[in-house]
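**Q** Pasting upload-v4.cif here (mmCIF, N, CA and C atoms):
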data_coords
#
loop_
_atom_site.label_atom_id
_atom_site.label_comp_id
_atom_site.auth_asym_id
_atom_site.auth_seq_id
_atom_site.Cartn_x
_atom_site.Cartn_y
_atom_site.Cartn_z
N MET A 1011 90.17 124.30 117.74
CA MET A 1011 89.61 123.03 117.41
C MET A 1011 88.10 123.17 117.19
N ILE A 1012 87.66 122.65 116.13
CA ILE A 1012 86.23 122.67 115.84
C ILE A 1012 85.78 121.23 115.65
N PHE A 1013 84.67 120.88 116.28
CA PHE A 1013 84.12 119.54 116.13
C PHE A 1013 82.83 119.62 115.34
N TYR A 1014 82.55 118.62 114.59
CA TYR A 1014 81.29 118.53 113.88
C TYR A 1014 80.84 117.08 113.87
N PHE A 1015 79.58 116.88 113.67
CA PHE A 1015 79.03 115.54 113.65
C PHE A 1015 78.98 115.02 112.23
N VAL A 1016 79.38 113.78 112.06
CA VAL A 1016 79.37 113.15 110.76
C VAL A 1016 78.27 112.09 110.76
N ALA A 1017 77.43 112.13 109.78
CA ALA A 1017 76.39 111.11 109.64
C ALA A 1017 76.55 110.43 108.29
N LYS A 1018 76.14 109.19 108.21
CA LYS A 1018 76.25 108.45 106.95
C LYS A 1018 75.37 109.08 105.89
N SER A 1019 74.23 109.57 106.30
CA SER A 1019 73.37 110.33 105.40
C SER A 1019 72.94 111.57 106.16
N LYS A 1020 72.27 112.50 105.49
CA LYS A 1020 71.90 113.74 106.18
C LYS A 1020 71.00 113.47 107.38
N LYS A 1021 70.11 112.55 107.23
CA LYS A 1021 69.26 112.16 108.35
C LYS A 1021 69.35 110.65 108.50
N MET A 1022 69.40 110.23 109.77
CA MET A 1022 69.37 108.80 110.01
C MET A 1022 68.01 108.27 109.61
N ALA A 1023 67.99 107.10 109.07
CA ALA A 1023 66.71 106.48 108.75
C ALA A 1023 65.92 106.31 110.05
N ASN A 1024 64.62 106.39 109.96
CA ASN A 1024 63.77 106.34 111.14
C ASN A 1024 64.02 105.07 111.95
N LYS A 1025 64.22 103.95 111.27
CA LYS A 1025 64.46 102.68 111.95
C LYS A 1025 65.79 102.72 112.71
N GLN A 1026 66.81 103.28 112.06
CA GLN A 1026 68.11 103.43 112.72
C GLN A 1026 68.02 104.38 113.89
N HIS A 1027 67.28 105.46 113.72
CA HIS A 1027 67.11 106.44 114.78
C HIS A 1027 66.48 105.81 116.03
N ARG A 1028 65.45 105.02 115.81
CA ARG A 1028 64.79 104.33 116.93
C ARG A 1028 65.74 103.34 117.61
N ALA A 1029 66.49 102.59 116.81
CA ALA A 1029 67.43 101.62 117.37
C ALA A 1029 68.50 102.31 118.19
N TYR A 1030 69.00 103.45 117.69
CA TYR A 1030 70.00 104.23 118.40
C TYR A 1030 69.48 104.68 119.76
N TRP A 1031 68.28 105.24 119.79
CA TRP A 1031 67.74 105.76 121.05
C TRP A 1031 67.31 104.65 121.98
N GLN A 1032 66.86 103.53 121.45
CA GLN A 1032 66.54 102.40 122.33
C GLN A 1032 67.79 101.89 123.04
N LYS A 1033 68.89 101.81 122.31
CA LYS A 1033 70.14 101.38 122.92
C LYS A 1033 70.63 102.41 123.94
N ASN A 1034 70.49 103.69 123.60
CA ASN A 1034 70.88 104.76 124.51
C ASN A 1034 70.05 104.68 125.80
N LEU A 1035 68.75 104.51 125.68
CA LEU A 1035 67.89 104.42 126.86
C LEU A 1035 68.17 103.16 127.67
N ARG A 1036 68.54 102.08 127.00
CA ARG A 1036 68.92 100.86 127.73
C ARG A 1036 70.17 101.11 128.56
N TYR A 1037 71.17 101.78 127.96
CA TYR A 1037 72.38 102.14 128.71
C TYR A 1037 72.03 102.99 129.92
N LEU A 1038 71.18 104.00 129.71
CA LEU A 1038 70.79 104.89 130.81
C LEU A 1038 70.08 104.12 131.92
N ALA A 1039 69.18 103.25 131.56
CA ALA A 1039 68.44 102.48 132.57
C ALA A 1039 69.38 101.60 133.40
N ILE A 1040 70.31 100.95 132.74
CA ILE A 1040 71.26 100.09 133.45
C ILE A 1040 72.16 100.91 134.36
N LEU A 1041 72.72 101.98 133.85
CA LEU A 1041 73.64 102.79 134.64
C LEU A 1041 72.94 103.49 135.80
N LEU A 1042 71.72 103.98 135.57
CA LEU A 1042 70.98 104.61 136.67
C LEU A 1042 70.55 103.59 137.72
N SER A 1043 70.29 102.37 137.30
CA SER A 1043 69.97 101.31 138.26
C SER A 1043 71.18 101.01 139.15
N ILE A 1044 72.35 100.94 138.54
CA ILE A 1044 73.58 100.72 139.31
C ILE A 1044 73.79 101.86 140.29
N TRP A 1045 73.58 103.10 139.84
CA TRP A 1045 73.75 104.25 140.72
C TRP A 1045 72.75 104.21 141.86
N PHE A 1046 71.51 103.84 141.58
CA PHE A 1046 70.49 103.75 142.62
C PHE A 1046 70.87 102.70 143.66
N ILE A 1047 71.33 101.54 143.20
CA ILE A 1047 71.72 100.49 144.13
C ILE A 1047 72.90 100.93 144.99
N ALA A 1048 73.88 101.60 144.36
CA ALA A 1048 75.06 102.04 145.11
C ALA A 1048 74.73 103.15 146.10
N SER A 1049 73.91 104.11 145.69
CA SER A 1049 73.65 105.25 146.58
C SER A 1049 72.54 104.95 147.58
N PHE A 1050 71.37 104.61 147.11
CA PHE A 1050 70.23 104.39 147.99
C PHE A 1050 70.30 103.01 148.65
N GLY A 1051 70.61 102.00 147.85
CA GLY A 1051 70.66 100.64 148.38
C GLY A 1051 71.77 100.44 149.40
N CYS A 1052 73.01 100.68 148.97
CA CYS A 1052 74.16 100.45 149.86
C CYS A 1052 74.27 101.51 150.95
N GLY A 1053 73.87 102.74 150.66
CA GLY A 1053 74.00 103.81 151.64
C GLY A 1053 72.88 103.87 152.65
N ILE A 1054 71.68 103.36 152.31
CA ILE A 1054 70.53 103.48 153.20
C ILE A 1054 69.91 102.11 153.50
N LEU A 1055 69.45 101.42 152.47
CA LEU A 1055 68.70 100.18 152.69
C LEU A 1055 69.54 99.06 153.30
N PHE A 1056 70.74 98.85 152.78
CA PHE A 1056 71.58 97.76 153.25
C PHE A 1056 72.69 98.23 154.19
N ALA A 1057 72.57 99.43 154.72
CA ALA A 1057 73.63 100.00 155.55
C ALA A 1057 73.90 99.16 156.79
N ASP A 1058 72.86 98.66 157.43
CA ASP A 1058 73.07 97.87 158.64
C ASP A 1058 73.86 96.59 158.36
N GLN A 1059 73.54 95.92 157.26
CA GLN A 1059 74.27 94.70 156.91
C GLN A 1059 75.72 95.03 156.50
N LEU A 1060 75.89 96.13 155.78
CA LEU A 1060 77.24 96.51 155.32
C LEU A 1060 78.10 97.05 156.45
N ASN A 1061 77.50 97.53 157.53
CA ASN A 1061 78.27 98.08 158.64
C ASN A 1061 79.07 97.02 159.38
N SER A 1062 78.81 95.76 159.13
CA SER A 1062 79.61 94.70 159.75
C SER A 1062 80.99 94.59 159.09
N ILE A 1063 81.15 95.20 157.92
CA ILE A 1063 82.43 95.21 157.20
C ILE A 1063 83.05 96.59 157.37
N GLN A 1064 84.36 96.63 157.59
CA GLN A 1064 85.04 97.92 157.75
C GLN A 1064 86.10 98.12 156.67
N ILE A 1065 86.20 99.38 156.20
CA ILE A 1065 87.23 99.78 155.23
C ILE A 1065 87.95 100.98 155.82
N GLY A 1066 89.22 100.85 156.05
CA GLY A 1066 90.01 101.96 156.59
C GLY A 1066 89.49 102.46 157.93
N GLY A 1067 88.92 101.59 158.72
CA GLY A 1067 88.41 101.98 160.03
C GLY A 1067 86.99 102.50 160.02
N PHE A 1068 86.39 102.61 158.86
CA PHE A 1068 85.01 103.10 158.76
C PHE A 1068 84.10 101.95 158.34
N LYS A 1069 82.89 101.98 158.83
CA LYS A 1069 81.92 100.96 158.47
C LYS A 1069 81.54 101.14 157.00
N LEU A 1070 81.37 100.03 156.29
CA LEU A 1070 81.13 100.07 154.85
C LEU A 1070 79.83 100.79 154.49
N GLY A 1071 78.78 100.64 155.28
CA GLY A 1071 77.52 101.35 155.03
C GLY A 1071 77.71 102.85 155.11
N PHE A 1072 78.46 103.30 156.12
CA PHE A 1072 78.76 104.72 156.26
C PHE A 1072 79.61 105.21 155.08
N TRP A 1073 80.60 104.40 154.68
CA TRP A 1073 81.47 104.78 153.58
C TRP A 1073 80.68 104.96 152.29
N PHE A 1074 79.75 104.03 151.99
CA PHE A 1074 78.93 104.16 150.78
C PHE A 1074 78.06 105.41 150.85
N ALA A 1075 77.51 105.69 152.02
CA ALA A 1075 76.64 106.86 152.15
C ALA A 1075 77.43 108.15 151.97
N GLN A 1076 78.68 108.18 152.41
CA GLN A 1076 79.46 109.42 152.38
C GLN A 1076 80.33 109.57 151.14
N GLN A 1077 80.96 108.51 150.69
CA GLN A 1077 81.92 108.63 149.59
C GLN A 1077 81.70 107.65 148.46
N GLY A 1078 81.33 106.44 148.78
CA GLY A 1078 81.24 105.38 147.78
C GLY A 1078 80.29 105.70 146.65
N ALA A 1079 79.13 106.27 146.98
CA ALA A 1079 78.14 106.60 145.95
C ALA A 1079 78.69 107.65 144.99
N ILE A 1080 79.48 108.57 145.50
CA ILE A 1080 80.07 109.61 144.65
C ILE A 1080 81.09 108.98 143.69
N TYR A 1081 81.93 108.07 144.21
CA TYR A 1081 82.91 107.40 143.36
C TYR A 1081 82.22 106.58 142.28
N VAL A 1082 81.16 105.89 142.66
CA VAL A 1082 80.41 105.09 141.69
C VAL A 1082 79.81 105.99 140.63
N PHE A 1083 79.26 107.14 141.03
CA PHE A 1083 78.65 108.08 140.09
C PHE A 1083 79.68 108.59 139.09
N VAL A 1084 80.85 108.97 139.55
CA VAL A 1084 81.90 109.47 138.65
C VAL A 1084 82.36 108.36 137.70
N ALA A 1085 82.50 107.14 138.21
CA ALA A 1085 82.88 106.02 137.34
C ALA A 1085 81.80 105.77 136.28
N LEU A 1086 80.54 105.89 136.66
CA LEU A 1086 79.45 105.67 135.70
C LEU A 1086 79.42 106.75 134.62
N ILE A 1087 79.84 107.95 134.95
CA ILE A 1087 79.93 109.01 133.94
C ILE A 1087 80.94 108.61 132.86
N PHE A 1088 82.10 108.13 133.27
CA PHE A 1088 83.12 107.73 132.30
C PHE A 1088 82.68 106.49 131.51
N ILE A 1089 81.99 105.58 132.15
CA ILE A 1089 81.46 104.41 131.44
C ILE A 1089 80.44 104.85 130.40
N TYR A 1090 79.57 105.80 130.76
CA TYR A 1090 78.57 106.30 129.81
C TYR A 1090 79.23 106.98 128.61
N ILE A 1091 80.26 107.75 128.87
CA ILE A 1091 80.99 108.41 127.78
C ILE A 1091 81.58 107.36 126.83
N PHE A 1092 82.20 106.34 127.38
CA PHE A 1092 82.77 105.26 126.57
C PHE A 1092 81.69 104.57 125.73
N LEU A 1093 80.58 104.22 126.39
CA LEU A 1093 79.50 103.52 125.68
C LEU A 1093 78.88 104.38 124.58
N MET A 1094 78.69 105.66 124.84
CA MET A 1094 78.08 106.54 123.85
C MET A 1094 79.02 106.80 122.68
N ASN A 1095 80.30 106.94 122.93
CA ASN A 1095 81.24 107.09 121.81
C ASN A 1095 81.23 105.85 120.92
N LYS A 1096 81.18 104.69 121.55
CA LYS A 1096 81.10 103.44 120.79
C LYS A 1096 79.80 103.36 120.00
N LEU A 1097 78.68 103.75 120.62
CA LEU A 1097 77.38 103.73 119.95
C LEU A 1097 77.35 104.73 118.80
N ASP A 1098 77.91 105.92 119.02
CA ASP A 1098 77.95 106.92 117.95
C ASP A 1098 78.73 106.42 116.74
N LYS A 1099 79.85 105.76 116.98
CA LYS A 1099 80.63 105.20 115.87
C LYS A 1099 79.86 104.11 115.15
N GLU A 1100 79.13 103.30 115.92
CA GLU A 1100 78.35 102.21 115.32
C GLU A 1100 77.28 102.75 114.38
N TYR A 1101 76.67 103.88 114.72
CA TYR A 1101 75.61 104.44 113.90
C TYR A 1101 76.09 105.59 113.01
N GLY A 1102 77.38 105.87 113.00
CA GLY A 1102 77.94 106.86 112.09
C GLY A 1102 77.61 108.29 112.45
N VAL A 1103 77.47 108.60 113.72
CA VAL A 1103 77.19 109.98 114.13
C VAL A 1103 78.24 110.49 115.11
N GLU A 1104 79.47 109.97 114.99
CA GLU A 1104 80.53 110.39 115.88
C GLU A 1104 81.02 111.79 115.56
N GLU A 1105 81.74 112.36 116.51
CA GLU A 1105 82.31 113.69 116.32
C GLU A 1105 83.64 113.55 115.60
N LYS A 1106 83.90 114.47 114.71
CA LYS A 1106 85.18 114.51 113.99
C LYS A 1106 85.80 115.87 114.25
N GLU A 1107 87.13 115.89 114.35
CA GLU A 1107 87.84 117.13 114.59
C GLU A 1107 88.29 117.73 113.26
N ILE A 1108 88.06 119.04 113.11
CA ILE A 1108 88.51 119.77 111.93
C ILE A 1108 89.79 120.48 112.31
N LYS A 1109 90.83 120.29 111.52
CA LYS A 1109 92.11 120.96 111.82
C LYS A 1109 92.34 122.09 110.87
#
Would you mind writing the structure in this file as structure tokens?
**A**
Amino acid sequence: MIFYFVAKSKKMANKQHRAYWQKNLRYLAILLSIWFIASFGCGILFADQLNSIQIGGFKLGFWFAQQGAIYVFVALIFIYIFLMNKLDKEYGVEEKEIK
């Protein structure tokens, strides 16, 4: 399997290029903010408040610090992949498979 990138023209117009990267950076900022809140916020800053709730016998603050942040991170990776594939198709720079 060989993949290649398809563009509408050889080079994206400068305006399109800027719009593409602005949207990409917006996605990154939102997703990294969610990750920060889940890992640092829920695992450290709000741990005392979350410890009043229990999941499977463990306090929720402890769970976020040990496992929850990792699950959130993995979910955000798949969300980023979905968003970037959609963005690539929107701007005509998606990957195509050569058979």
**Q** Check chain A with DSSP on the backbone and list each residue it calls strand (DSSP E or B), as a list in words.
**A**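 Strand (DSSP E or B) members of chain A, listed: Ile1012, Phe1013, Tyr1014, Phe1015, Gln1064, Ile1065, Phe1068, Lys1069, Glu1105, Lys1106, Glu1107 and Ile1108 of chain A.
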**Q** Just asking: which residues within chain A are helix (DSSP H, G or I) according to DSSP, as a ChimeraX atom specification?
**A** /A:1024-1055,1057-1060,1070-1101
**Q** Quick one: apply the PyMOL selection byres (((chain A and resi 1041 and name CA) around 12) and name CA) to the file and drop the selected residues here as a PyMOL selection string.
**A** chain A and resi 1034-1040+1042-1048+1082-1091+1093
**Q** Considering all atoms listed in the file, state which residue in the set A:Asp1098, A:Tyr1030, A:Phe1074, A:Asn1024 is at the smallest distance from Cys1052 of chain A.
**A**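 When distances to Cys1052 of chain A are compared using all atoms listed in the file, the smallest one comes from A:Phe1074.
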**Q** Report, in Å to a single decimal, how far apart atom C of Tyr1081 of chain A and atom N of Glu1100 of chain A are.
**A**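 Atom C of Tyr1081 of chain A lies 26.7 Å from atom N of Glu1100 of chain A.
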**Q** Which polymer residues have any atom within 6.5 Å of an atom of segment 1049-1051 of chain A, counting all atoms listed in the file, with same-chain residues fewer than 6 positions away left out, as a list in words?
**A**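 Listing them by chain and then by number gives Ala1057, Phe1074, Ala1075 and Ala1079 of chain A.
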**Q** What is the distance between atom C of Lys1069 of chain A and atom C of Phe1056 of chain A, in Å to one decimal?
**A** 9.7 Å
**Q** Return as a list in words the set of residues that the PyMOL selection byres (((chain A and resi 1060 and name CA) around 10) and name CA) yields on the displayed structure.
**A** Cys1052, Gly1053, Ile1054, Leu1055, Phe1056, Ala1057, Asp1058, Gln1059, Asn1061, Ser1062, Ile1063, Gln1064, Lys1069, Leu1070, Gly1071, Phe1072, Trp1073 and Phe1074 of chain A
**Q** Take atom C of Lys1106 of chain A and atom C of Phe1092 of chain A and report the distance between them in Å, one decimal.
**A**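 Distance reported for this atom pair: 16.6 Å.
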